[in-house]
>>> print(open('start.tsv').read())   # TSV, N, CA and C atoms and all ligand atoms
chain	number	residue	atom	x	y	z
A	641	MET	N	1.04	-8.32	1.27
A	641	MET	CA	1.52	-7.80	2.55
A	641	MET	C	0.67	-6.60	2.96
A	642	LYS	N	0.35	-6.54	4.23
A	642	LYS	CA	-0.46	-5.44	4.74
A	642	LYS	C	0.33	-4.14	4.66
A	643	LYS	N	-0.38	-3.03	4.35
A	643	LYS	CA	0.27	-1.72	4.27
A	643	LYS	C	0.70	-1.29	5.66
A	644	ILE	N	1.98	-0.93	5.78
A	644	ILE	CA	2.53	-0.46	7.05
A	644	ILE	C	2.33	1.05	7.11
A	645	ASN	N	1.81	1.53	8.24
A	645	ASN	CA	1.65	2.96	8.45
A	645	ASN	C	2.08	3.27	9.88
A	646	SER	N	3.33	3.69	10.04
A	646	SER	CA	3.92	3.85	11.37
A	646	SER	C	3.61	5.19	12.01
A	647	ILE	N	2.76	5.99	11.39
A	647	ILE	CA	2.52	7.33	11.93
A	647	ILE	C	1.86	7.26	13.31
A	648	GLY	N	1.09	6.21	13.58
A	648	GLY	CA	0.42	6.10	14.88
A	648	GLY	C	1.30	5.59	15.99
A	649	TYR	N	2.28	4.75	15.66
A	649	TYR	CA	3.10	4.13	16.71
A	649	TYR	C	4.59	4.39	16.56
A	650	GLY	N	4.99	5.13	15.54
A	650	GLY	CA	6.42	5.42	15.33
A	650	GLY	C	7.05	6.17	16.49
A	651	GLY	N	6.31	7.15	17.03
A	651	GLY	CA	6.83	7.91	18.17
A	651	GLY	C	7.00	7.05	19.40
A	652	LYS	N	6.05	6.10	19.59
A	652	LYS	CA	6.14	5.20	20.75
A	652	LYS	C	7.36	4.28	20.62
A	653	ILE	N	7.62	3.79	19.42
A	653	ILE	CA	8.78	2.91	19.20
A	653	ILE	C	10.06	3.70	19.46
A	654	LEU	N	10.13	4.94	18.95
A	654	LEU	CA	11.34	5.75	19.16
A	654	LEU	C	11.50	6.10	20.65
A	655	GLY	N	10.38	6.37	21.34
A	655	GLY	CA	10.44	6.65	22.78
A	655	GLY	C	10.96	5.45	23.55
A	656	CYS	N	10.46	4.27	23.18
A	656	CYS	CA	10.90	3.03	23.82
A	656	CYS	C	12.40	2.80	23.55
A	657	ALA	N	12.83	3.05	22.32
A	657	ALA	CA	14.25	2.89	21.98
A	657	ALA	C	15.11	3.88	22.77
A	658	THR	N	14.61	5.11	22.94
A	658	THR	CA	15.35	6.12	23.70
A	658	THR	C	15.51	5.69	25.16
A	659	ILE	N	14.43	5.14	25.73
A	659	ILE	CA	14.50	4.68	27.12
A	659	ILE	C	15.57	3.60	27.28
A	660	PHE	N	15.56	2.61	26.37
A	660	PHE	CA	16.52	1.51	26.49
A	660	PHE	C	17.94	1.93	26.12
A	661	THR	N	18.07	2.87	25.17
A	661	THR	CA	19.41	3.25	24.69
A	661	THR	C	20.06	4.32	25.56
A	662	LEU	N	19.27	5.28	26.06
A	662	LEU	CA	19.86	6.42	26.78
A	662	LEU	C	19.45	6.50	28.25
A	663	VAL	N	18.15	6.40	28.54
A	663	VAL	CA	17.65	6.68	29.89
A	663	VAL	C	18.12	5.62	30.88
A	664	ILE	N	17.80	4.35	30.60
A	664	ILE	CA	18.17	3.27	31.54
A	664	ILE	C	19.69	3.17	31.69
A	665	PRO	N	20.48	3.16	30.60
A	665	PRO	CA	21.94	3.13	30.79
A	665	PRO	C	22.47	4.36	31.53
A	666	GLY	N	21.86	5.53	31.28
A	666	GLY	CA	22.29	6.75	31.96
A	666	GLY	C	22.07	6.67	33.45
A	667	ILE	N	20.88	6.20	33.86
A	667	ILE	CA	20.58	6.06	35.29
A	667	ILE	C	21.52	5.04	35.93
A	668	MET	N	21.76	3.94	35.23
A	668	MET	CA	22.65	2.91	35.78
A	668	MET	C	24.09	3.41	35.88
A	669	GLN	N	24.51	4.24	34.93
A	669	GLN	CA	25.87	4.81	35.01
A	669	GLN	C	25.99	5.72	36.22
A	670	ILE	N	24.93	6.50	36.50
A	670	ILE	CA	24.96	7.38	37.67
A	670	ILE	C	25.05	6.55	38.94
A	671	ILE	N	24.25	5.47	39.00
A	671	ILE	CA	24.30	4.58	40.17
A	671	ILE	C	25.70	3.96	40.30
A	672	MET	N	26.32	3.62	39.16
A	672	MET	CA	27.63	2.96	39.19
A	672	MET	C	28.75	3.91	39.65
A	673	PHE	N	28.51	5.25	39.63
A	673	PHE	CA	29.51	6.17	40.20
A	673	PHE	C	29.65	5.92	41.69
A	674	ALA	N	28.52	5.61	42.35
A	674	ALA	CA	28.54	5.38	43.79
A	674	ALA	C	28.74	3.91	44.14
A	675	TYR	N	28.20	3.05	43.30
A	675	TYR	CA	28.20	1.62	43.62
A	675	TYR	C	28.63	0.83	42.39
A	676	LYS	N	29.89	0.40	42.41
A	676	LYS	CA	30.42	-0.37	41.27
A	676	LYS	C	29.85	-1.79	41.31
A	677	SER	N	29.36	-2.23	40.17
A	677	SER	CA	28.78	-3.56	40.13
A	677	SER	C	28.91	-4.13	38.72
A	678	ARG	N	29.35	-5.39	38.63
A	678	ARG	CA	29.44	-6.04	37.32
A	678	ARG	C	28.05	-6.31	36.75
A	679	ILE	N	27.11	-6.59	37.64
A	679	ILE	CA	25.73	-6.85	37.20
A	679	ILE	C	25.14	-5.59	36.55
A	680	LEU	N	25.35	-4.43	37.21
A	680	LEU	CA	24.85	-3.17	36.64
A	680	LEU	C	25.52	-2.88	35.30
A	681	ALA	N	26.84	-3.13	35.21
A	681	ALA	CA	27.56	-2.90	33.95
A	681	ALA	C	27.00	-3.79	32.85
A	682	ALA	N	26.68	-5.04	33.20
A	682	ALA	CA	26.08	-5.95	32.22
A	682	ALA	C	24.69	-5.46	31.83
A	683	CYS	N	23.92	-4.97	32.81
A	683	CYS	CA	22.57	-4.46	32.52
A	683	CYS	C	22.62	-3.25	31.58
A	684	VAL	N	23.64	-2.40	31.75
A	684	VAL	CA	23.80	-1.25	30.86
A	684	VAL	C	23.98	-1.74	29.43
A	685	LYS	N	24.85	-2.74	29.25
A	685	LYS	CA	25.10	-3.27	27.90
A	685	LYS	C	23.86	-3.94	27.32
A	686	ILE	N	23.16	-4.71	28.16
A	686	ILE	CA	21.94	-5.38	27.68
A	686	ILE	C	20.88	-4.36	27.26
A	687	SER	N	20.67	-3.34	28.12
A	687	SER	CA	19.68	-2.32	27.81
A	687	SER	C	20.04	-1.57	26.53
A	688	PHE	N	21.33	-1.21	26.40
A	688	PHE	CA	21.78	-0.52	25.18
A	688	PHE	C	21.57	-1.41	23.96
A	689	GLY	N	21.86	-2.69	24.09
A	689	GLY	CA	21.67	-3.63	22.98
A	689	GLY	C	20.21	-3.74	22.58
A	690	ILE	N	19.32	-3.79	23.59
A	690	ILE	CA	17.88	-3.84	23.29
A	690	ILE	C	17.46	-2.57	22.54
A	691	GLY	N	17.94	-1.40	23.02
A	691	GLY	CA	17.60	-0.13	22.37
A	691	GLY	C	18.08	-0.07	20.94
A	692	ILE	N	19.32	-0.50	20.71
A	692	ILE	CA	19.85	-0.51	19.34
A	692	ILE	C	19.06	-1.49	18.46
A	693	SER	N	18.67	-2.63	19.03
A	693	SER	CA	17.86	-3.60	18.26
A	693	SER	C	16.52	-3.00	17.86
A	694	ILE	N	15.89	-2.26	18.78
A	694	ILE	CA	14.62	-1.60	18.47
A	694	ILE	C	14.81	-0.59	17.34
A	695	ILE	N	15.91	0.18	17.39
A	695	ILE	CA	16.18	1.19	16.36
A	695	ILE	C	16.39	0.51	15.00
A	696	VAL	N	17.17	-0.58	14.99
A	696	VAL	CA	17.43	-1.30	13.73
A	696	VAL	C	16.12	-1.86	13.17
A	697	PHE	N	15.28	-2.43	14.06
A	697	PHE	CA	13.97	-2.95	13.64
A	697	PHE	C	13.12	-1.82	13.04
A	698	PHE	N	13.12	-0.64	13.69
A	698	PHE	CA	12.31	0.48	13.23
A	698	PHE	C	12.80	1.00	11.88
A	699	ILE	N	14.13	1.04	11.71
A	699	ILE	CA	14.69	1.47	10.42
A	699	ILE	C	14.23	0.50	9.32
A	700	GLY	N	14.25	-0.79	9.60
A	700	GLY	CA	13.78	-1.78	8.63
A	700	GLY	C	12.31	-1.60	8.31
A	701	LEU	N	11.51	-1.35	9.36
A	701	LEU	CA	10.07	-1.11	9.18
A	701	LEU	C	9.83	0.12	8.31
A	702	LEU	N	10.59	1.20	8.56
A	702	LEU	CA	10.45	2.42	7.76
A	702	LEU	C	10.86	2.18	6.31
A	703	ALA	N	11.90	1.38	6.11
A	703	ALA	CA	12.34	1.09	4.73
A	703	ALA	C	11.23	0.38	3.97
A	704	VAL	N	10.57	-0.60	4.62
A	704	VAL	CA	9.46	-1.32	3.98
A	704	VAL	C	8.30	-0.36	3.73
A	705	GLU	N	7.99	0.50	4.71
A	705	GLU	CA	6.89	1.46	4.56
A	705	GLU	C	7.16	2.43	3.40
A	706	PHE	N	8.37	2.95	3.30
A	706	PHE	CA	8.70	3.89	2.21
A	706	PHE	C	8.60	3.19	0.86
A	707	HIS	N	9.03	1.93	0.81
A	707	HIS	CA	8.94	1.17	-0.45
A	707	HIS	C	7.47	0.98	-0.83
A	708	GLN	N	6.61	0.65	0.15
A	708	GLN	CA	5.18	0.49	-0.13
A	708	GLN	C	4.57	1.82	-0.59
A	709	ASP	N	4.96	2.93	0.07
A	709	ASP	CA	4.43	4.24	-0.32
A	709	ASP	C	4.82	4.58	-1.76
A	710	LYS	N	6.07	4.27	-2.11
A	710	LYS	CA	6.55	4.56	-3.46
A	710	LYS	C	5.76	3.77	-4.50
A	711	ARG	N	5.51	2.48	-4.20
A	711	ARG	CA	4.73	1.65	-5.13
A	711	ARG	C	3.30	2.17	-5.26
A	712	MET	N	2.70	2.59	-4.13
A	712	MET	CA	1.34	3.13	-4.18
A	712	MET	C	1.28	4.43	-4.97
A	713	ASN	N	2.31	5.28	-4.84
A	713	ASN	CA	2.34	6.53	-5.61
A	713	ASN	C	2.43	6.25	-7.10
A	714	ILE	N	3.27	5.29	-7.48
A	714	ILE	CA	3.39	4.93	-8.89
A	714	ILE	C	2.06	4.40	-9.40
A	715	TYR	N	1.40	3.52	-8.61
A	715	TYR	CA	0.10	2.97	-8.99
A	715	TYR	C	-0.92	4.09	-9.15
A	716	TYR	N	-0.94	5.04	-8.19
A	716	TYR	CA	-1.90	6.14	-8.24
A	716	TYR	C	-1.68	7.01	-9.47
A	717	GLU	N	-0.40	7.29	-9.78
A	717	GLU	CA	-0.09	8.13	-10.93
A	717	GLU	C	-0.60	7.52	-12.24
A	718	THR	N	-0.61	6.17	-12.32
A	718	THR	CA	-1.07	5.54	-13.56
A	718	THR	C	-2.60	5.42	-13.60
A	719	LYS	N	-3.29	5.54	-12.45
A	719	LYS	CA	-4.74	5.33	-12.39
A	719	LYS	C	-5.55	6.60	-12.17
A	720	LYS	N	-4.89	7.74	-11.92
A	720	LYS	CA	-5.64	8.92	-11.48
A	720	LYS	C	-6.54	9.51	-12.56
A	721	ASP	N	-6.29	9.20	-13.83
A	721	ASP	CA	-7.16	9.72	-14.88
A	721	ASP	C	-8.13	8.65	-15.40
A	722	GLU	N	-8.49	7.72	-14.51
A	722	GLU	CA	-9.46	6.69	-14.86
A	722	GLU	C	-10.70	6.83	-13.99
A	723	LYS	N	-11.82	6.31	-14.50
A	723	LYS	CA	-13.06	6.30	-13.72
A	723	LYS	C	-13.18	4.93	-13.05
A	724	LEU	N	-13.45	4.92	-11.75
A	724	LEU	CA	-13.63	3.68	-11.02
A	724	LEU	C	-15.12	3.36	-10.96
A	725	VAL	N	-15.50	2.14	-11.38
A	725	VAL	CA	-16.90	1.74	-11.41
A	725	VAL	C	-17.42	1.58	-9.98
A	726	LEU	N	-18.52	2.30	-9.67
A	726	LEU	CA	-19.15	2.18	-8.35
A	726	LEU	C	-20.41	1.33	-8.40
A	727	GLY	N	-20.98	1.19	-9.59
A	727	GLY	CA	-22.25	0.49	-9.73
A	727	GLY	C	-23.38	1.47	-9.94
A	728	ARG	N	-24.51	0.97	-10.42
A	728	ARG	CA	-25.70	1.77	-10.71
A	728	ARG	C	-25.39	2.95	-11.63
A	729	GLY	N	-24.49	2.73	-12.60
A	729	GLY	CA	-24.18	3.75	-13.60
A	729	GLY	C	-23.30	4.88	-13.11
A	730	LEU	N	-22.80	4.78	-11.89
A	730	LEU	CA	-21.96	5.85	-11.35
A	730	LEU	C	-20.50	5.40	-11.29
A	731	TYR	N	-19.64	6.41	-11.39
A	731	TYR	CA	-18.20	6.18	-11.36
A	731	TYR	C	-17.58	7.18	-10.38
A	732	GLU	N	-16.35	6.87	-9.96
A	732	GLU	CA	-15.62	7.78	-9.07
A	732	GLU	C	-14.39	8.30	-9.79
A	733	CYS	N	-14.17	9.60	-9.71
A	733	CYS	CA	-12.96	10.21	-10.26
A	733	CYS	C	-11.81	9.85	-9.32
A	734	GLN	N	-10.76	9.26	-9.87
A	734	GLN	CA	-9.63	8.83	-9.04
A	734	GLN	C	-8.70	9.99	-8.69
A	735	ALA	N	-8.89	11.14	-9.35
A	735	ALA	CA	-8.04	12.29	-9.06
A	735	ALA	C	-8.55	13.06	-7.84
A	736	CYS	N	-9.90	13.23	-7.73
A	736	CYS	CA	-10.43	14.05	-6.65
A	736	CYS	C	-11.44	13.32	-5.76
A	737	GLY	N	-11.92	12.15	-6.18
A	737	GLY	CA	-12.87	11.41	-5.36
A	737	GLY	C	-14.32	11.74	-5.64
A	738	ASN	N	-14.59	12.55	-6.66
A	738	ASN	CA	-15.96	12.89	-7.05
A	738	ASN	C	-16.70	11.61	-7.43
A	739	ARG	N	-17.82	11.31	-6.73
A	739	ARG	CA	-18.56	10.07	-6.95
A	739	ARG	C	-19.79	10.28	-7.83
A	740	GLY	N	-19.88	11.43	-8.46
A	740	GLY	CA	-21.02	11.72	-9.31
A	740	GLY	C	-20.70	11.64	-10.79
A	741	VAL	N	-19.63	10.96	-11.14
A	741	VAL	CA	-19.23	10.85	-12.56
A	741	VAL	C	-20.09	9.80	-13.24
A	742	LYS	N	-20.55	10.11	-14.45
A	742	LYS	CA	-21.38	9.17	-15.22
A	742	LYS	C	-20.54	8.54	-16.32
A	743	SER	N	-21.05	7.45	-16.90
A	743	SER	CA	-20.26	6.69	-17.89
A	743	SER	C	-19.97	7.52	-19.14
A	744	GLU	N	-20.88	8.44	-19.49
A	744	GLU	CA	-20.67	9.23	-20.71
A	744	GLU	C	-19.75	10.44	-20.47
A	745	ASP	N	-19.42	10.75	-19.22
A	745	ASP	CA	-18.57	11.91	-18.94
A	745	ASP	C	-17.16	11.70	-19.47
A	746	LYS	N	-16.66	12.71	-20.18
A	746	LYS	CA	-15.30	12.65	-20.72
A	746	LYS	C	-14.30	13.28	-19.75
A	747	TYR	N	-14.81	14.16	-18.88
A	747	TYR	CA	-13.93	14.80	-17.89
A	747	TYR	C	-14.70	14.96	-16.58
A	748	CYS	N	-13.96	15.20	-15.48
A	748	CYS	CA	-14.57	15.34	-14.16
A	748	CYS	C	-15.12	16.75	-14.02
A	749	SER	N	-16.37	16.86	-13.54
A	749	SER	CA	-16.99	18.17	-13.39
A	749	SER	C	-16.44	18.93	-12.18
A	750	VAL	N	-15.75	18.26	-11.28
A	750	VAL	CA	-15.21	18.92	-10.09
A	750	VAL	C	-13.76	19.37	-10.33
A	751	CYS	N	-12.88	18.44	-10.73
A	751	CYS	CA	-11.46	18.79	-10.87
A	751	CYS	C	-11.06	19.04	-12.32
A	752	GLY	N	-11.91	18.65	-13.27
A	752	GLY	CA	-11.64	18.94	-14.67
A	752	GLY	C	-10.68	18.00	-15.36
A	753	ILE	N	-10.27	16.91	-14.69
A	753	ILE	CA	-9.32	16.00	-15.33
A	753	ILE	C	-9.99	15.26	-16.49
A	754	LEU	N	-9.26	15.12	-17.59
A	754	LEU	CA	-9.77	14.42	-18.76
A	754	LEU	C	-9.57	12.93	-18.55
A	755	PHE	N	-10.67	12.17	-18.62
A	755	PHE	CA	-10.58	10.73	-18.35
A	755	PHE	C	-9.98	10.00	-19.53
A	756	LYS	N	-9.09	9.06	-19.21
A	756	LYS	CA	-8.50	8.21	-20.25
A	756	LYS	C	-9.51	7.13	-20.58
A	757	GLU	N	-9.76	6.94	-21.88
A	757	GLU	CA	-10.69	5.89	-22.30
A	757	GLU	C	-9.99	4.56	-22.16
A	758	LYS	N	-10.69	3.61	-21.54
A	758	LYS	CA	-10.12	2.28	-21.38
A	758	LYS	C	-10.10	1.57	-22.72
A	759	ASP	N	-8.94	1.00	-23.05
A	759	ASP	CA	-8.80	0.24	-24.29
A	759	ASP	C	-9.22	-1.20	-24.02
A	760	GLU	N	-10.45	-1.54	-24.42
A	760	GLU	CA	-11.02	-2.86	-24.13
A	760	GLU	C	-10.31	-3.97	-24.90
A	761	SER	N	-9.66	-3.62	-26.04
A	761	SER	CA	-9.03	-4.66	-26.87
A	761	SER	C	-7.81	-5.26	-26.20
A	762	ASN	N	-7.18	-4.54	-25.26
A	762	ASN	CA	-6.00	-5.06	-24.58
A	762	ASN	C	-6.37	-6.04	-23.47
A	763	GLU	N	-7.61	-5.98	-22.99
A	763	GLU	CA	-8.00	-6.86	-21.90
A	763	GLU	C	-8.40	-8.21	-22.47
A	764	THR	N	-7.77	-9.23	-21.98
A	764	THR	CA	-8.06	-10.59	-22.47
A	764	THR	C	-8.66	-11.39	-21.34
A	765	ASN	N	-9.65	-12.17	-21.72
A	765	ASN	CA	-10.26	-13.06	-20.74
A	765	ASN	C	-9.68	-14.46	-20.90
A	766	PRO	N	-9.35	-15.10	-19.79
A	766	PRO	CA	-8.77	-16.45	-19.90
A	766	PRO	C	-9.79	-17.50	-20.33
B	1	ZN	ZN	-12.17	14.81	-10.29
>>> encode(input="start.tsv", output="structure tokens", more="lines below")
Ligand SMILES: [Zn+2]
Amino acid sequence: MKKINSIGYGGKILGCATIFTLVIPGIMQIIMFAYKSRILAACVKISFGIGISIIVFFIGLLAVEFHQDKRMNIYYETKKDEKLVLGRGLYECQACGNRGVKSEDKYCSVCGILFKEKDESNETNP
């Protein structure tokens, strides 16, 4: 599943939900003070329903995003003291992003984290 990141469009979704939940029904209620109409009353309910549906959808989206963030944090915590192979004898420190780590380095020269030695005996090839 693709990583959800609602920081770019979360405000737009909430703004859209506010318009359907509060603004449109509010304007229609003001109009209905002067002009009673069953159609307008139905439109108020429909607009409110659309707004609530958007909010429920957004809450679901946030729940999935928070779950993905939690899984990524757990993954990062288990990998941050490892060297990532970049090729040509270079590695990247997963704690700080230093790309000048060499295979013989036991710790990162930038952040000082002690690298965990990979246990090759646990890795099995099919
Ligand atoms: Zn580092």
>>> residues_near_ligand(input="start.tsv", ligand="ligand ZN 1 (chain B)", cutoff="6.5 Å", atoms="all atoms listed in the file", output="compact mmCIF listing (two decimals) with N, CA and C atoms, keeping the file's coordinate frame")
# COMPACT_ATOMS: atom_id res chain seq x y z
N CYS A 733 -14.17 9.60 -9.71
CA CYS A 733 -12.96 10.21 -10.26
C CYS A 733 -11.81 9.85 -9.32
N GLN A 734 -10.76 9.26 -9.87
CA GLN A 734 -9.63 8.83 -9.04
C GLN A 734 -8.70 9.99 -8.69
N ALA A 735 -8.89 11.14 -9.35
CA ALA A 735 -8.04 12.29 -9.06
C ALA A 735 -8.55 13.06 -7.84
N CYS A 736 -9.90 13.23 -7.73
CA CYS A 736 -10.43 14.05 -6.65
C CYS A 736 -11.44 13.32 -5.76
N GLY A 737 -11.92 12.15 -6.18
CA GLY A 737 -12.87 11.41 -5.36
C GLY A 737 -14.32 11.74 -5.64
N ASN A 738 -14.59 12.55 -6.66
CA ASN A 738 -15.96 12.89 -7.05
C ASN A 738 -16.70 11.61 -7.43
N CYS A 748 -13.96 15.20 -15.48
CA CYS A 748 -14.57 15.34 -14.16
C CYS A 748 -15.12 16.75 -14.02
N SER A 749 -16.37 16.86 -13.54
CA SER A 749 -16.99 18.17 -13.39
C SER A 749 -16.44 18.93 -12.18
N VAL A 750 -15.75 18.26 -11.28
CA VAL A 750 -15.21 18.92 -10.09
C VAL A 750 -13.76 19.37 -10.33
N CYS A 751 -12.88 18.44 -10.73
CA CYS A 751 -11.46 18.79 -10.87
C CYS A 751 -11.06 19.04 -12.32
N GLY A 752 -11.91 18.65 -13.27
CA GLY A 752 -11.64 18.94 -14.67
C GLY A 752 -10.68 18.00 -15.36
N ILE A 753 -10.27 16.91 -14.69
CA ILE A 753 -9.32 16.00 -15.33
C ILE A 753 -9.99 15.26 -16.49
>>> select_by_dssp(input="start.tsv", residues="region 667-746 of chain A", states="alpha helix (DSSP H)", output="PyMOL selection string")
chain A and resi 667-674+678-719
>>> atom_distance(input="start.tsv", atom1="atom N of Val696 (chain A)", atom2="CA of Phe673 (chain A)")
28.9 Å
>>> closest_residue(input="start.tsv", among="A:Met668, A:Leu702, A:Leu726, A:Ile659", to="Ala681 (chain A)", atoms="only N, CA and C atoms")
A:Met668
>>> closest_residue(input="start.tsv", among="A:Ile695, A:Leu754, A:Ile679, A:Ile714", to="Leu654 (chain A)", atoms="only N, CA and C atoms")
A:Ile695
>>> closest_residue(input="start.tsv", among="A:Pro665, A:Arg739, A:Lys710, A:Ile653", to="Phe698 (chain A)", atoms="all atoms listed in the file")
A:Ile653
>>> select_by_dssp(input="start.tsv", residues="region 647-732 of chain A", states="strand (DSSP E)", output="PyMOL selection string")
chain A and resi 723-727+730-732
>>> closest_residue(input="start.tsv", among="A:Leu662, A:Ile690, A:Met712, A:Ala682", to="Lys643 (chain A)", atoms="only C-alpha atoms")
A:Met712
>>> residues_around(input="start.tsv", residues="Phe755 (chain A)", least_positions_apart="6", cutoff="5 Å", atoms="all atoms listed in the file", output="compact mmCIF listing (two decimals) with N, CA and C atoms, in the frame of the given file")
# COMPACT_ATOMS: atom_id res chain seq x y z
N ASP A 721 -6.29 9.20 -13.83
CA ASP A 721 -7.16 9.72 -14.88
C ASP A 721 -8.13 8.65 -15.40
N LYS A 746 -16.66 12.71 -20.18
CA LYS A 746 -15.30 12.65 -20.72
C LYS A 746 -14.30 13.28 -19.75
N TYR A 747 -14.81 14.16 -18.88
CA TYR A 747 -13.93 14.80 -17.89
C TYR A 747 -14.70 14.96 -16.58
>>> residues_around(input="start.tsv", residues="Met641 (chain A)", least_positions_apart="3", cutoff="12 Å", atoms="only C-alpha atoms", output="ChimeraX atom specification")
/A:644,704-705,708
>>> closest_residue(input="start.tsv", among="A:Gln669, A:Ser677, A:Asn645, A:Thr658", to="Ile694 (chain A)", atoms="all atoms listed in the file")
A:Thr658
>>> atom_distance(input="start.tsv", atom1="atom C of Arg728 (chain A)", atom2="atom N of Tyr715 (chain A)")
27.0 Å
>>> build_atoms(input="start.tsv", residues="region 692-703 of chain A", atoms="N, CA, C and O atoms", output="PDB file, in the frame of the given file")
ATOM      1  N   ILE A 692      19.320  -0.500  20.710  1.00  0.00           N
ATOM      2  CA  ILE A 692      19.850  -0.510  19.340  1.00  0.00           C
ATOM      3  C   ILE A 692      19.060  -1.490  18.460  1.00  0.00           C
ATOM      4  O   ILE A 692      18.761  -1.194  17.295  1.00  0.00           O
ATOM      5  N   SER A 693      18.670  -2.630  19.030  1.00  0.00           N
ATOM      6  CA  SER A 693      17.860  -3.600  18.260  1.00  0.00           C
ATOM      7  C   SER A 693      16.520  -3.000  17.860  1.00  0.00           C
ATOM      8  O   SER A 693      16.053  -3.204  16.728  1.00  0.00           O
ATOM      9  N   ILE A 694      15.890  -2.260  18.780  1.00  0.00           N
ATOM     10  CA  ILE A 694      14.620  -1.600  18.470  1.00  0.00           C
ATOM     11  C   ILE A 694      14.810  -0.590  17.340  1.00  0.00           C
ATOM     12  O   ILE A 694      14.008  -0.512  16.409  1.00  0.00           O
ATOM     13  N   ILE A 695      15.910   0.180  17.390  1.00  0.00           N
ATOM     14  CA  ILE A 695      16.180   1.190  16.360  1.00  0.00           C
ATOM     15  C   ILE A 695      16.390   0.510  15.000  1.00  0.00           C
ATOM     16  O   ILE A 695      15.840   0.950  13.983  1.00  0.00           O
ATOM     17  N   VAL A 696      17.170  -0.580  14.990  1.00  0.00           N
ATOM     18  CA  VAL A 696      17.430  -1.300  13.730  1.00  0.00           C
ATOM     19  C   VAL A 696      16.120  -1.860  13.170  1.00  0.00           C
ATOM     20  O   VAL A 696      15.835  -1.747  11.963  1.00  0.00           O
ATOM     21  N   PHE A 697      15.280  -2.430  14.060  1.00  0.00           N
ATOM     22  CA  PHE A 697      13.970  -2.950  13.640  1.00  0.00           C
ATOM     23  C   PHE A 697      13.120  -1.820  13.040  1.00  0.00           C
ATOM     24  O   PHE A 697      12.495  -1.991  11.988  1.00  0.00           O
ATOM     25  N   PHE A 698      13.120  -0.640  13.690  1.00  0.00           N
ATOM     26  CA  PHE A 698      12.310   0.480  13.230  1.00  0.00           C
ATOM     27  C   PHE A 698      12.800   1.000  11.880  1.00  0.00           C
ATOM     28  O   PHE A 698      12.001   1.368  11.012  1.00  0.00           O
ATOM     29  N   ILE A 699      14.130   1.040  11.710  1.00  0.00           N
ATOM     30  CA  ILE A 699      14.690   1.470  10.420  1.00  0.00           C
ATOM     31  C   ILE A 699      14.230   0.500   9.320  1.00  0.00           C
ATOM     32  O   ILE A 699      13.838   0.932   8.218  1.00  0.00           O
ATOM     33  N   GLY A 700      14.250  -0.790   9.600  1.00  0.00           N
ATOM     34  CA  GLY A 700      13.780  -1.780   8.630  1.00  0.00           C
ATOM     35  C   GLY A 700      12.310  -1.600   8.310  1.00  0.00           C
ATOM     36  O   GLY A 700      11.892  -1.659   7.152  1.00  0.00           O
ATOM     37  N   LEU A 701      11.510  -1.350   9.360  1.00  0.00           N
ATOM     38  CA  LEU A 701      10.070  -1.110   9.180  1.00  0.00           C
ATOM     39  C   LEU A 701       9.830   0.120   8.310  1.00  0.00           C
ATOM     40  O   LEU A 701       8.991   0.104   7.401  1.00  0.00           O
ATOM     41  N   LEU A 702      10.590   1.200   8.560  1.00  0.00           N
ATOM     42  CA  LEU A 702      10.450   2.420   7.760  1.00  0.00           C
ATOM     43  C   LEU A 702      10.860   2.180   6.310  1.00  0.00           C
ATOM     44  O   LEU A 702      10.221   2.705   5.392  1.00  0.00           O
ATOM     45  N   ALA A 703      11.900   1.380   6.110  1.00  0.00           N
ATOM     46  CA  ALA A 703      12.340   1.090   4.730  1.00  0.00           C
ATOM     47  C   ALA A 703      11.230   0.380   3.970  1.00  0.00           C
ATOM     48  O   ALA A 703      10.939   0.715   2.820  1.00  0.00           O
TER      49      ALA A 703
END
